[in-house]
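Working notes, structure below.
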Amino acid sequence: MRPDDDCATIKHVAFELFGRLIYRLRWPVVGFWIVVSLAALPLAPSLPGVLKAGGYGDPSLESQRASAVLGQALGWQSSTLVVVFHSDTLTTDDPRFAVDADRAMTGLRGLAGVGQISTFALNPQQIAPNHHTAYDTVDLNVAPEDAHHLLPVIRQRITSDVLQVNLTGDPAFYSDVETVSEEDLRRAEILTFPIALFALALVFGSLVSAAGPVIIGGVAVVVALASLALIGRVTELSIFVMNMVTMLGFGLGTDYSLFLVSRFREELPRRAPEDAVAVTVATAGRAVAFSGLAVFVGLLGLFTFHFMMLRSLGIAGAIVVALAVLAALTLLPALLGILGPRVNRLPIGPGWETRNVFWDKLAHWVMTHSVRVMLPVFLLLIALGLPFLQAHLSLPDARVLPTSVSSRRGADIFQRDFGESELSSIVIAVQTNGSVFAPDNVAALRRFVVDLQADPRVRHVTSIVSLDPRLTLAQYQLLYANPSQISDPYVAAVAHHLANGSTTAVIVTTRAPAIAPETEDLVQAIREFQPGGGLRFLVDGSAGAEVDIVGELYHQFPRTLLLIVALTYLSLFVLFRSVILPLKAILMNSLSLFASYGALVIIFQEGFMAKLLGFQPLGFVEATLPIIMFCMLFGLSMDYEVFLLSRMQEIYEETGDNYRSVTNGLAHSGQVITSAALIVVVVSLCFVSADIVLIKALGLGAAIAIFLDATVVRGLLVPALMRLLGDWNWWAPAVFHPSVPKPRVQTADPALVGASSFSVWERVRNSATAGLLRPSPLSPSDPLLQGEPSSHNGTGKSVPPGPGLEG
């Protein structure tokens, strides 16, 4: 069960050679990154101009097919702007109200991109029961996510000195999302950099050491934003990629750099700078490479979705992860090679010690009380996640925006005075055989509408056969006997708006909001209904789109989840050559994510701490949030697992002692892992300052998941479980292990196990790489020169290893 083989350590040689190469080319490497960063600086600010809000389009969904039918037959636009007029003193019956509203809309008539305008003066149903609020609708000849280019002009032209005027609806919502998202990003960046630098300075006790991770994170973010600015010119990207890049780029850049800087500072006292860089890249650098692979695999899952928003987040995430890893493995070692011992300059505090006493004591305590630690921690994480089972998933609406923006204010006034469901009706595209005005089709449509009206979840139905409850079927048939010559102007206007040829629209206003479960059930019930009479229909509207999009998201998610888990297992199996460790890592990550999911439900759905965090409870969890969190954090949490297990693996390959590898591995890496997690938590919490609730939730969810993962899970649950599994942690079929056995290392001080594991395979490197790069002379104090038992007796045959160190 023990990977007792010296040849296995050859896997480190490539990383060590790479580290030496970077050291010897350190000045050209730094120069290359300076040129790349300078080239990226003017491009990065142009990114917002190529981004789009929305991103939930999928032409295969029923709701979008219905929208296409209505657009082709009736000329309906998918972008409808709602202009809400309100006065606390005037009523709609007052001529001043109507005159001022008409004057406010005058500037839109004839404006390029503006289509039909429906005013409350022509349609009394657009006047609220309290007569203090009314609205006009404006059809825009652009897609909702492109309307932000037109909204600034519209806002300038709609002015009123008498009435409160607010623009709402999808176009206004997307425009405000773009504006607020940019403001959120600027605020987060202002907070992130100085706070992270301060935290790193406290961790390292040196301003010079702290500057390295900040530089790497900043370079990764700037170059990634510039790259996306170019990519955005050839493919659609979501407005939220900016937040994703900053959160991931700075978090991962500082995370990976912290691992490398801490290992370099640990190796520097006993090695020349070149050797210290080589050891750092061969150990911590190797862990960083596989950690980056784990994060990349998680973000790769976002590519499998049909929706632009998620795909673009996957593109942005993959780019920034690749840049963070590349900068950490090239630019940072080059800087460390230039600095050498000066990396500890400008001290501001004690910093940390390589082997932390707290983590040493904690490791031994957990290992000796493994069952008593594991069960309570396991049950705690499960309990924290249980609220997620009651999560209600929905799409974002105006409530994710702050109350200071127009679309949110307009939506609040509209829902208060008209009802929550008026802005989110179910729209049914009905098609008939022949003209919709034919007597038989009018009769079939009338029966369908009556059935809809009988449902207790329906408030009222708007259609060509429900204009007035006093009208009978025969009267409707007579009214539409000659559709082109309808005498009543109101009926003629409704017929022209709702019907044409063989297509008509039926608008169902529900009693509950679109996001309510009963409204979603009503959508499904309508879709399953068979109206007869040759009628065919498709369901659209806010409720229909929500059911389709959420359903499609979670139809695709299991496939994505399995892909991420399978690829993660494979990459960790290659790294650790163990069957058990990858399974354990996946279980640990899932537990911390599940617990953070539960916290999101308690906070954002139920409203716990809503006032403290500055938002209004949503009553739901944004549907993409669990998916984005899983794809992003599953790999990000794996960073700490990979770094912890890599250190444990080094020690296990020296000693073959599971107990010692776990305790010493945790004692040596516990502080650096928690410090790295602290930086990511700080970066994530900076995004909690966002005004958009989705960004706020993503930042808080990431902070909770990383905090639980790096403390409770890695500090308590992982060592306890590894103690119980014993040597089975390291088991894999013999075919995956090289055949040359390796001796156990004898060391005078067990506490030093793991401190110089590089020397075990340094001899292998020297022989394997002879003639490629000649390594620098080893320090006289290196353990390799102090004598080490040989695994061969001169005959070419292996001899059994000695008794080694007992646990």
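Residues in the structure tokens are numbered from 1 in each chain, the chains being A, B, ... in the order shown, and ligands are numbered from 1 in the order shown.
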For the contact check between region 495-593 of chain A and region 378-389 of chain A, emit one row per residue of region 495-593 of chain A within 9 Å, containing the shortest atom pair and the distance in Å rounded to one decimal, counting only C-alpha atoms, chain then rising number order, as JSON lines.
{"residue": "A:Leu591", "atom": "CA", "partner": "A:Leu381", "partner_atom": "CA", "distance": 6.3}
{"residue": "A:Ser592", "atom": "CA", "partner": "A:Leu381", "partner_atom": "CA", "distance": 6.8}
{"residue": "A:Leu593", "atom": "CA", "partner": "A:Gly385", "partner_atom": "CA", "distance": 8.2}
For Leu570 (chain A), list every protein, DNA or RNA residue within 12 Å, evaluated using only C-alpha atoms, and leave out those in the same chain fewer than 6 positions away; present the list as a PDB file with N, CA and C atoms, in the first residue's frame.
ATOM      1  N   PHE A 290      -1.206  21.564 -10.501  1.00  0.00           N
ATOM      2  CA  PHE A 290      -2.344  20.652 -10.405  1.00  0.00           C
ATOM      3  C   PHE A 290      -3.551  21.347  -9.772  1.00  0.00           C
ATOM      4  N   LEU A 293      -5.114  23.154 -12.520  1.00  0.00           N
ATOM      5  CA  LEU A 293      -5.833  22.201 -13.364  1.00  0.00           C
ATOM      6  C   LEU A 293      -7.191  21.864 -12.765  1.00  0.00           C
ATOM      7  N   ALA A 294      -7.234  21.697 -11.440  1.00  0.00           N
ATOM      8  CA  ALA A 294      -8.510  21.389 -10.778  1.00  0.00           C
ATOM      9  C   ALA A 294      -9.512  22.534 -10.945  1.00  0.00           C
ATOM     10  N   VAL A 297     -10.685  22.620 -14.563  1.00  0.00           N
ATOM     11  CA  VAL A 297     -11.663  21.558 -14.825  1.00  0.00           C
ATOM     12  C   VAL A 297     -13.050  21.980 -14.347  1.00  0.00           C
ATOM     13  N   LEU A 563     -19.086  15.410 -15.170  1.00  0.00           N
ATOM     14  CA  LEU A 563     -17.870  15.687 -15.930  1.00  0.00           C
ATOM     15  C   LEU A 563     -16.794  16.277 -15.025  1.00  0.00           C
ATOM     16  N   ILE A 564     -17.178  17.240 -14.180  1.00  0.00           N
ATOM     17  CA  ILE A 564     -16.205  17.880 -13.292  1.00  0.00           C
ATOM     18  C   ILE A 564     -15.639  16.877 -12.296  1.00  0.00           C
ATOM     19  N   PHE A 576      -1.490  12.015  -7.155  1.00  0.00           N
ATOM     20  CA  PHE A 576      -1.194  11.305  -5.903  1.00  0.00           C
ATOM     21  C   PHE A 576      -1.030   9.798  -6.074  1.00  0.00           C
ATOM     22  N   ARG A 577      -1.382   9.276  -7.236  1.00  0.00           N
ATOM     23  CA  ARG A 577      -1.315   7.825  -7.462  1.00  0.00           C
ATOM     24  C   ARG A 577      -2.002   7.067  -6.335  1.00  0.00           C
ATOM     25  N   SER A 578      -3.189   7.505  -6.007  1.00  0.00           N
ATOM     26  CA  SER A 578      -3.980   6.894  -4.942  1.00  0.00           C
ATOM     27  C   SER A 578      -5.428   6.799  -5.394  1.00  0.00           C
ATOM     28  N   VAL A 579      -6.078   5.703  -5.073  1.00  0.00           N
ATOM     29  CA  VAL A 579      -7.493   5.527  -5.386  1.00  0.00           C
ATOM     30  C   VAL A 579      -8.358   6.274  -4.379  1.00  0.00           C
ATOM     31  N   ILE A 580      -7.919   6.301  -3.123  1.00  0.00           N
ATOM     32  CA  ILE A 580      -8.751   6.820  -2.031  1.00  0.00           C
ATOM     33  C   ILE A 580      -8.687   8.336  -1.925  1.00  0.00           C
ATOM     34  N   LEU A 581      -7.497   8.923  -2.018  1.00  0.00           N
ATOM     35  CA  LEU A 581      -7.349  10.358  -1.783  1.00  0.00           C
ATOM     36  C   LEU A 581      -8.219  11.222  -2.706  1.00  0.00           C
ATOM     37  N   PRO A 582      -8.311  10.926  -4.003  1.00  0.00           N
ATOM     38  CA  PRO A 582      -9.209  11.746  -4.830  1.00  0.00           C
ATOM     39  C   PRO A 582     -10.669  11.640  -4.404  1.00  0.00           C
ATOM     40  N   LEU A 583     -11.111  10.442  -4.014  1.00  0.00           N
ATOM     41  CA  LEU A 583     -12.486  10.283  -3.547  1.00  0.00           C
ATOM     42  C   LEU A 583     -12.726  11.101  -2.281  1.00  0.00           C
ATOM     43  N   ALA A 585     -11.062  13.769  -1.356  1.00  0.00           N
ATOM     44  CA  ALA A 585     -11.017  15.194  -1.700  1.00  0.00           C
ATOM     45  C   ALA A 585     -12.354  15.654  -2.279  1.00  0.00           C
ATOM     46  N   ILE A 586     -12.945  14.854  -3.138  1.00  0.00           N
ATOM     47  CA  ILE A 586     -14.240  15.203  -3.735  1.00  0.00           C
ATOM     48  C   ILE A 586     -15.316  15.264  -2.658  1.00  0.00           C
TER      49      ILE A 586
END
Have a look at CA of Arg372 (chain A) and CA of Phe707 (chain A) and let me know their distance in Å, one decimal.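 Answer for the CA of Arg372 (chain A) to CA of Phe707 (chain A) separation: 21.8 Å.
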Step one, run DSSP on the backbone; step two, keep only residues of region 130-276 of chain A assigned to helix (DSSP H, G or I); then write them as a ChimeraX atom specification. /A:144-149,151-157,170-204,207-231,241-270,273-276
Within 8 Å of Val277 (chain A), counting only C-alpha atoms, which residues show up once you throw out same-chain ones fewer than 3 positions away? Write them as a ChimeraX atom specification, please. /A:19-20,23,264,273-274,280-281,333,336-337
Hey, which bits of region 424-537 of chain A sit within 10 Å of region 118-136 of chain A, and for each residue what's the closest pair of atoms and how far apart in Å (one decimal), counting only C-alpha atoms, rows by chain and increasing number, as CSV?
residue,atom,partner,partner_atom,distance
A:Pro489,CA,A:Leu122,CA,9.8
A:Tyr490,CA,A:Leu122,CA,8.1
A:Ala493,CA,A:Leu122,CA,9.3
A:Val494,CA,A:Asn123,CA,9.4
Set the distance at 8 Å and use only C-alpha atoms: which residues neighbour region 170-176 of chain A once local chain neighbours fewer than 3 positions away are removed? I'd like the list as a PDB file with N, CA and C atoms, in the first residue's frame.
ATOM      1  N   ALA A  53     -25.608  42.318 -21.034  1.00  0.00           N
ATOM      2  CA  ALA A  53     -26.407  41.790 -19.934  1.00  0.00           C
ATOM      3  C   ALA A  53     -27.264  40.637 -20.463  1.00  0.00           C
ATOM      4  N   GLY A  54     -28.001  39.990 -19.587  1.00  0.00           N
ATOM      5  CA  GLY A  54     -28.837  38.868 -20.016  1.00  0.00           C
ATOM      6  C   GLY A  54     -27.983  37.635 -20.244  1.00  0.00           C
ATOM      7  N   SER A  79     -38.383  43.370 -26.699  1.00  0.00           N
ATOM      8  CA  SER A  79     -37.949  44.438 -25.799  1.00  0.00           C
ATOM      9  C   SER A  79     -39.095  45.431 -25.613  1.00  0.00           C
ATOM     10  N   THR A  80     -39.710  45.390 -24.478  1.00  0.00           N
ATOM     11  CA  THR A  80     -40.782  46.324 -24.169  1.00  0.00           C
ATOM     12  C   THR A  80     -40.405  47.124 -22.939  1.00  0.00           C
ATOM     13  N   LEU A  81     -40.299  48.424 -23.119  1.00  0.00           N
ATOM     14  CA  LEU A  81     -39.956  49.331 -22.029  1.00  0.00           C
ATOM     15  C   LEU A  81     -41.256  49.813 -21.382  1.00  0.00           C
ATOM     16  N   PRO A 144     -33.438  42.805 -25.756  1.00  0.00           N
ATOM     17  CA  PRO A 144     -33.342  43.416 -24.419  1.00  0.00           C
ATOM     18  C   PRO A 144     -31.914  43.642 -23.962  1.00  0.00           C
ATOM     19  N   GLU A 145     -31.023  42.672 -24.256  1.00  0.00           N
ATOM     20  CA  GLU A 145     -29.650  42.811 -23.778  1.00  0.00           C
ATOM     21  C   GLU A 145     -28.852  43.849 -24.567  1.00  0.00           C
ATOM     22  N   ASP A 146     -29.400  44.300 -25.725  1.00  0.00           N
ATOM     23  CA  ASP A 146     -28.725  45.344 -26.507  1.00  0.00           C
ATOM     24  C   ASP A 146     -29.339  46.721 -26.280  1.00  0.00           C
ATOM     25  N   ALA A 147     -30.417  46.769 -25.493  1.00  0.00           N
ATOM     26  CA  ALA A 147     -31.138  48.034 -25.326  1.00  0.00           C
ATOM     27  C   ALA A 147     -30.345  49.062 -24.533  1.00  0.00           C
ATOM     28  N   HIS A 148     -29.273  48.612 -23.836  1.00  0.00           N
ATOM     29  CA  HIS A 148     -28.533  49.582 -23.025  1.00  0.00           C
ATOM     30  C   HIS A 148     -27.881  50.668 -23.881  1.00  0.00           C
ATOM     31  N   LEU A 151     -30.971  53.170 -24.180  1.00  0.00           N
ATOM     32  CA  LEU A 151     -31.580  53.706 -22.947  1.00  0.00           C
ATOM     33  C   LEU A 151     -31.070  55.087 -22.551  1.00  0.00           C
ATOM     34  N   LEU A 167     -38.319  54.291 -15.555  1.00  0.00           N
ATOM     35  CA  LEU A 167     -38.312  53.305 -16.634  1.00  0.00           C
ATOM     36  C   LEU A 167     -38.046  51.930 -16.038  1.00  0.00           C
ATOM     37  N   THR A 179     -24.715  49.192 -15.580  1.00  0.00           N
ATOM     38  CA  THR A 179     -24.171  50.365 -14.879  1.00  0.00           C
ATOM     39  C   THR A 179     -23.753  50.019 -13.457  1.00  0.00           C
ATOM     40  N   VAL A 180     -24.644  49.348 -12.724  1.00  0.00           N
ATOM     41  CA  VAL A 180     -24.366  49.028 -11.327  1.00  0.00           C
ATOM     42  C   VAL A 180     -23.231  48.017 -11.221  1.00  0.00           C
ATOM     43  N   ASP A 397     -34.839  39.261 -10.946  1.00  0.00           N
ATOM     44  CA  ASP A 397     -35.720  40.329 -11.394  1.00  0.00           C
ATOM     45  C   ASP A 397     -35.194  41.644 -10.832  1.00  0.00           C
ATOM     46  N   ALA A 398     -36.001  42.690 -10.883  1.00  0.00           N
ATOM     47  CA  ALA A 398     -35.526  44.017 -10.485  1.00  0.00           C
ATOM     48  C   ALA A 398     -35.087  44.078  -9.032  1.00  0.00           C
ATOM     49  N   LEU A 401     -31.453  44.553  -7.858  1.00  0.00           N
ATOM     50  CA  LEU A 401     -30.826  45.864  -7.980  1.00  0.00           C
ATOM     51  C   LEU A 401     -31.115  46.712  -6.748  1.00  0.00           C
ATOM     52  N   VAL A 405     -31.873  52.800  -8.205  1.00  0.00           N
ATOM     53  CA  VAL A 405     -31.893  52.860  -9.668  1.00  0.00           C
ATOM     54  C   VAL A 405     -33.322  52.895 -10.172  1.00  0.00           C
ATOM     55  N   SER A 406     -33.507  53.458 -11.360  1.00  0.00           N
ATOM     56  CA  SER A 406     -34.842  53.728 -11.894  1.00  0.00           C
ATOM     57  C   SER A 406     -35.653  52.467 -12.119  1.00  0.00           C
ATOM     58  N   SER A 407     -35.030  51.424 -12.686  1.00  0.00           N
ATOM     59  CA  SER A 407     -35.801  50.220 -12.996  1.00  0.00           C
ATOM     60  C   SER A 407     -36.321  49.546 -11.731  1.00  0.00           C
ATOM     61  N   ARG A 408     -35.561  49.621 -10.650  1.00  0.00           N
ATOM     62  CA  ARG A 408     -36.023  49.047  -9.386  1.00  0.00           C
ATOM     63  C   ARG A 408     -37.158  49.896  -8.809  1.00  0.00           C
TER      64      ARG A 408
END
Between A:Ser87, A:Thr510, A:Thr674, A:Ser435, which one has atoms that come closest to Leu200 (chain A), using only C-alpha atoms?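 Distance minimum relative to Leu200 (chain A) lands on A:Thr674.
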Which residues, written as a list of chain:residue names, have at least one atom at most 12 Å from Leu562 (chain A), with only C-alpha atoms counted and residues fewer than 4 positions away on the same chain left out? A:Val297, A:Gly298, A:Leu300, A:Gly301, A:Thr304, A:Gln556, A:Phe557, A:Pro558, A:Ala566, A:Leu567, A:Thr568, A:Tyr569, A:Ile586, A:Phe630, A:Cys631
Next, the residues of the selection above should be written as a JSON list (two decimals), in the first residue's frame with N, CA, C and O atoms.
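selection_1.json, freshly written:
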[["chain", "number", "residue", "atom", "x", "y", "z"],
["A", 297, "VAL", "N", -10.69, 22.62, -14.56],
["A", 297, "VAL", "CA", -11.66, 21.56, -14.82],
["A", 297, "VAL", "C", -13.05, 21.98, -14.35],
["A", 297, "VAL", "O", -14.05, 21.76, -15.02],
["A", 298, "GLY", "N", -13.11, 22.60, -13.15],
["A", 298, "GLY", "CA", -14.40, 23.05, -12.65],
["A", 298, "GLY", "C", -15.04, 24.08, -13.56],
["A", 298, "GLY", "O", -16.23, 23.99, -13.89],
["A", 300, "LEU", "N", -14.41, 24.47, -16.64],
["A", 300, "LEU", "CA", -14.70, 23.83, -17.92],
["A", 300, "LEU", "C", -16.15, 23.37, -17.97],
["A", 300, "LEU", "O", -16.76, 23.34, -19.04],
["A", 301, "GLY", "N", -16.71, 23.04, -16.80],
["A", 301, "GLY", "CA", -18.10, 22.61, -16.77],
["A", 301, "GLY", "C", -19.06, 23.67, -17.27],
["A", 301, "GLY", "O", -20.14, 23.34, -17.81],
["A", 304, "THR", "N", -20.35, 23.59, -20.93],
["A", 304, "THR", "CA", -21.33, 22.60, -21.38],
["A", 304, "THR", "C", -22.75, 23.16, -21.41],
["A", 304, "THR", "O", -23.65, 22.49, -21.93],
["A", 556, "GLN", "N", -29.24, 20.21, -17.45],
["A", 556, "GLN", "CA", -27.86, 20.09, -17.90],
["A", 556, "GLN", "C", -26.87, 19.93, -16.74],
["A", 556, "GLN", "O", -25.78, 19.37, -16.93],
["A", 557, "PHE", "N", -27.22, 20.43, -15.56],
["A", 557, "PHE", "CA", -26.27, 20.47, -14.45],
["A", 557, "PHE", "C", -25.74, 19.09, -14.04],
["A", 557, "PHE", "O", -24.52, 18.96, -13.79],
["A", 558, "PRO", "N", -26.58, 18.04, -13.93],
["A", 558, "PRO", "CA", -26.02, 16.74, -13.54],
["A", 558, "PRO", "C", -24.92, 16.26, -14.48],
["A", 558, "PRO", "O", -23.92, 15.68, -14.04],
["A", 566, "ALA", "N", -15.49, 13.60, -12.54],
["A", 566, "ALA", "CA", -14.66, 12.58, -13.20],
["A", 566, "ALA", "C", -13.29, 13.13, -13.56],
["A", 566, "ALA", "O", -12.26, 12.48, -13.30],
["A", 567, "LEU", "N", -13.24, 14.33, -14.15],
["A", 567, "LEU", "CA", -11.96, 14.91, -14.53],
["A", 567, "LEU", "C", -11.12, 15.28, -13.31],
["A", 567, "LEU", "O", -9.89, 15.16, -13.32],
["A", 568, "THR", "N", -11.79, 15.75, -12.25],
["A", 568, "THR", "CA", -11.06, 16.07, -11.02],
["A", 568, "THR", "C", -10.46, 14.81, -10.42],
["A", 568, "THR", "O", -9.29, 14.80, -9.99],
["A", 569, "TYR", "N", -11.24, 13.74, -10.38],
["A", 569, "TYR", "CA", -10.71, 12.48, -9.84],
["A", 569, "TYR", "C", -9.49, 12.03, -10.65],
["A", 569, "TYR", "O", -8.47, 11.62, -10.08],
["A", 586, "ILE", "N", -12.95, 14.85, -3.14],
["A", 586, "ILE", "CA", -14.24, 15.20, -3.74],
["A", 586, "ILE", "C", -15.32, 15.26, -2.66],
["A", 586, "ILE", "O", -16.16, 16.17, -2.65],
["A", 630, "PHE", "N", -20.55, 26.02, -7.71],
["A", 630, "PHE", "CA", -19.98, 24.67, -7.79],
["A", 630, "PHE", "C", -18.80, 24.64, -8.76],
["A", 630, "PHE", "O", -17.72, 24.14, -8.43],
["A", 631, "CYS", "N", -19.01, 25.18, -9.97],
["A", 631, "CYS", "CA", -17.96, 25.12, -10.98],
["A", 631, "CYS", "C", -16.73, 25.93, -10.56],
["A", 631, "CYS", "O", -15.60, 25.55, -10.89]]
For CA of Ile158 (chain A) and CA of Trp76 (chain A), determine how far apart the two atoms are, in Å to one decimal place.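 CA of Trp76 (chain A) lies at a distance of 22.8 Å from CA of Ile158 (chain A).
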Who sits within 9 Å of region 467-482 of chain A, only C-alpha atoms, same chain under 3 positions skipped, as number ranges by chain: A: 437-440, 442-443, 446, 462-464, 485-487, 491, 494-495
With only C-alpha atoms as the atoms that count, which of A:Leu575, A:Leu362, A:Leu225, A:Ala702 lies nearest to Pro48 (chain A)?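 Of the candidates, the smallest distance to Pro48 (chain A) is held by A:Leu225.
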Any idea what the distance is between CA of Asp540 (chain A) and CA of Thr235 (chain A)?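 Separation of CA of Asp540 (chain A) and CA of Thr235 (chain A): 27.1 Å.
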